[in-house]
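Notes for the one structure printed next.
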Amino acid sequence: MMNFNFRNLCDFLFAKRCKICGEMNEENNLCFSCFSSLKHLVLGCKKCQQPLSYVGKEIDVCSVCIDKDYSFFDEMISAFIYNEFLKKHIIKLKNNNDFYLSDVFCSFLVKKIKHMVNSSFIIAPIPLHSLKLYKRGYNQSLILAKSVAKQAKIICIHDLFERTKNTYTQANKTQKERETNVKDAFIFNKKYKLFIKDKTILIIDDIITTGATIFECAKTLKNIQNKGIKLLSIGRRIK
C-alpha cells in the first residue's frame with residue numbers, strides 16, 4: 001500500500017492548479033473564485049457586444065447599432081465583459097510579461113468561435129507603433145493572436161497591418177477624441193492582398209472600449225474586401 005504521506009505529497013505536487021492565482025482547482029484550469037470573477041459575455045449584439053437577453057436570426061443587433069454604418073466588419077466577438085478583475089490581469093499581461101495569461105483568456109475566446117473557424121480563417125493583431133514596441137518589448141495583441149492561432153489551428157500574420165502614427169494613449173479621451181487620435185493610424189500590408197482573397201480576417205486586441213482603434217484598423221481593408229472581417233477581444237468595456 002502506498003504510504004499515506006507520500007500519496008499526499010503526490011497529490012500536492014501534481015494537482016491541477018488555477019492558471020491565474022495558483023490555488024488548487026478541479027477543472028477548466030481555473031479555481032471557482034477566478035472563474036466566477038470573470039464576467040463571461042454570453043449573448044451580445046453582433047456589432048458591439050452590448051449584452052442582449054435574446055439573440056436569434058432576426059434579433060442580433062442592439063437598438064443603437066442598427067442605425068450605424070458598421071459595414072466594414074461582420075461582427076464583434078469578446079470573451080468577457082471588462083471588469084476590475086480582468087483589468088488587473090490584462091495589466092499583468094501588458095506590463096509584467098505574464099504571457100501565460102494569454103492562453104487562459106484565449107481558451108475562452110476560442111470556445112466562442114470554434115464552431116465557425118476553418119482553414120480559410122486568418123488572425124492578425126492590432127499593431128503597436130515601432131517606438132512603443134521598442135519601449136515595451138512586445139505587442140500584447142500579437143501574444144493573444146498567436147495563442148488563438150495555436151488553439152484554433154489557424155494562420156497568424158503578425159504584420160498584416162502597420163501602425164504608422166504614434167498615437168497618444170486612449171485613456172480618458174472622449175469617443176470623438178479617440179476617433180481623431182487613431183484616424184489614419186494604420187495601413188494594410190499590400191504584399192498580402194492576394195493571399196487574403198476569400199479569407200476571413202480576425203483582428204484581435206486585448207480590450208475594446210469605444211472600438212475606435214480596432215474599427216480604424218478594420219477600415220484599412222475596406223478597399224480590399226468588405227466582408228469576412230471579424231473583430232475579437234478578450235474584454236469588452238460595456239457602458
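Each chain in the C-alpha cells gets a letter, A, B and so on, in the order shown; residues start at 1 in every chain, and ligands are counted from 1 in the order they appear.
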Residue list (alpha helix (DSSP H), DSSP) for range 163-208 of chain A, as a list in words: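 Written out, the alpha helix (DSSP H) residues of range 163-208 of chain A are Gln175, Lys176, Glu177, Arg178, Glu179, Thr180, Asn181 and Val182 of chain A.
These are the residues of range 29-89 of chain A assigned strand (DSSP E or B) by DSSP from backbone coordinates: A:Leu30, A:Lys39, A:His40, A:Gly44, A:Pro51, A:Glu75, A:Met76, A:Ile77, A:Ser78, A:Ala79, A:Phe80, A:Ile81.
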Range 73-155 of chain A near range 160-183 of chain A within 8 Å: what's each residue's closest atom pair and its distance in Å to one decimal, counting only C-alpha atoms, ordered by chain then ascending residue number, as CSV?
```
residue,atom,partner,partner_atom,distance
A:Ala124,CA,A:Leu160,CA,6.3
A:Pro125,CA,A:Phe161,CA,7.9
A:Ile126,CA,A:Phe161,CA,7.3
A:Pro127,CA,A:Arg163,CA,5.7
A:Leu128,CA,A:Arg163,CA,6.0
A:His129,CA,A:Arg163,CA,5.1
A:Ser130,CA,A:Arg163,CA,7.8
A:Leu131,CA,A:Asn166,CA,7.4
A:Lys132,CA,A:Asn166,CA,7.8
```
Nearest to Tyr192 in chain A, chosen from A:His158, A:Lys39, A:Arg17, A:Lys92, with only C-alpha atoms counted in the distances: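 Looking only at the distances to Tyr192 in chain A, the closest residue turns out to be A:His158.
Computed from the coordinates, the CA of His115 in chain A to CA of Ile157 in chain A distance equals 21.5 Å.
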Surrounding residues of Ile113 in chain A excluding itself and chain neighbours under 4 positions, 9 Å, only C-alpha atoms, as a VMD selection string: chain A and resid 77 109 117 152
Atoms to include: C-alpha atoms. Write the selected residues as a PDB file, in the first residue's frame.
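The result, written out as again23.pdb:
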```pdb
ATOM      1  CA  ILE A  77     -16.773  38.780 -30.530  1.00  0.00           C
ATOM      2  CA  LEU A 109     -12.428  33.165 -26.800  1.00  0.00           C
ATOM      3  CA  VAL A 117     -13.417  28.666 -37.686  1.00  0.00           C
ATOM      4  CA  ALA A 152      -7.853  27.251 -33.166  1.00  0.00           C
TER       5      ALA A 152
END
```
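Nearest-residue note for Phe105 in chain A: choosing from A:Phe215, A:Phe80, A:Tyr54, A:Phe188, the minimum distance belongs to A:Phe80, counting only C-alpha atoms.
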